[in-house]
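Read through the structure below, which is laid out as structure tokens, and then see the notes.
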Amino acid sequence: MRVTGAGLPDAGLLVATVVDASNYTLSQADTIAEDATLTYSYDAEASIKVHTINNEVITFKKPAQGFVLPVSVVQVYATDTTGGVTDIVALS
């Protein structure tokens with residue numbers, strides 16, 4: 001993820017390591033003021049590309065956490081799953 005906000009370079013910095021839900025390390029050292037507002041974003045828009053049982057290839061953009069795809073899927077394309085899409089669960 002990219003972090004932007006007061007005290008950081010205009011382009012922001014990338015999160016290099018996640019320690020836990022409250023602590024992480026940025027890609028370079030910098031000073032951030034106490035109570036500064038930070039914005040977190042992905043460089044790529046979240047999307048997931050799937051192949052359906054009807055032989056269609058569909059890309060869903062910005063799926064919300066917990067989103068259930070409204071199609072029956074036979075394949076998920078790892079090469080076109082970007083922007084923080086993780087922990088995909090398949091149901092039968």
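Ordering of the structure tokens sets the chain letters (A, B, ...); residue numbers start at 1 within each chain; ligands are numbered from 1 in the order shown.
Near Thr52 of chain A, within a cut-off of 6 Å and counting only C-alpha atoms, sit the residues Asn54, Asn55, Glu56, Ser72, Val73 and Val74 of chain A, with same-chain residues fewer than 2 positions away left out.
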Neighbour list for Val71 of chain A as a PyMOL selection string, cut-off 12 Å, only C-alpha atoms, skip fewer than 4 positions in-chain: chain A and resi 49-60+67+75-76+90-91
Write to file, as a CSV table (one decimal), in the first residue's frame, the residues of the selection just made, with C-alpha atoms.
```csv
chain,number,residue,atom,x,y,z
A,49,LYS,CA,-10.8,-11.7,-13.3
A,50,VAL,CA,-12.7,-15.0,-13.5
A,51,HIS,CA,-13.8,-17.6,-16.1
A,52,THR,CA,-17.4,-18.7,-15.6
A,53,ILE,CA,-19.2,-22.0,-16.3
A,54,ASN,CA,-20.9,-20.2,-19.2
A,55,ASN,CA,-17.5,-19.8,-20.8
A,56,GLU,CA,-17.4,-16.0,-20.1
A,57,VAL,CA,-14.4,-14.1,-18.8
A,58,ILE,CA,-15.5,-11.3,-16.4
A,59,THR,CA,-13.6,-8.8,-14.4
A,60,PHE,CA,-15.1,-7.4,-11.2
A,67,PHE,CA,-18.3,-9.8,-1.8
A,75,GLN,CA,-11.2,-20.4,-12.8
A,76,VAL,CA,-9.7,-17.3,-11.1
A,90,ALA,CA,-14.3,-21.0,-3.0
A,91,LEU,CA,-17.7,-22.5,-2.1
```
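Non-sequential neighbours of Ala6 of chain A (distance at most 7 Å, separation of 2 or more positions within a chain, only C-alpha atoms) are A:Leu8, A:Ala36, A:Thr37.
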Mind writing the picked residues with C-alpha atoms as a PDB file, in the first residue's frame?
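Ended up saving to part-v1.pdb:
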```
ATOM      1  CA  LEU A   8       5.703  12.587   3.621  1.00  0.00           C
ATOM      2  CA  ALA A  36      -1.134  13.758  11.144  1.00  0.00           C
ATOM      3  CA  THR A  37      -3.833  12.496   8.787  1.00  0.00           C
TER       4      THR A  37
END
```
Shell of 8 Å around Leu38 of chain A, only C-alpha atoms, local chain residues under 6 positions omitted, as a ChimeraX atom specification: /A:3-6
Separation of atom CA of Ile32 of chain A from atom CA of Asp20 of chain A, in Å and rounded to one decimal: 19.2 Å
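Take atom CA of Arg2 of chain A and atom CA of Ser41 of chain A: the distance between them is 5.3 Å.
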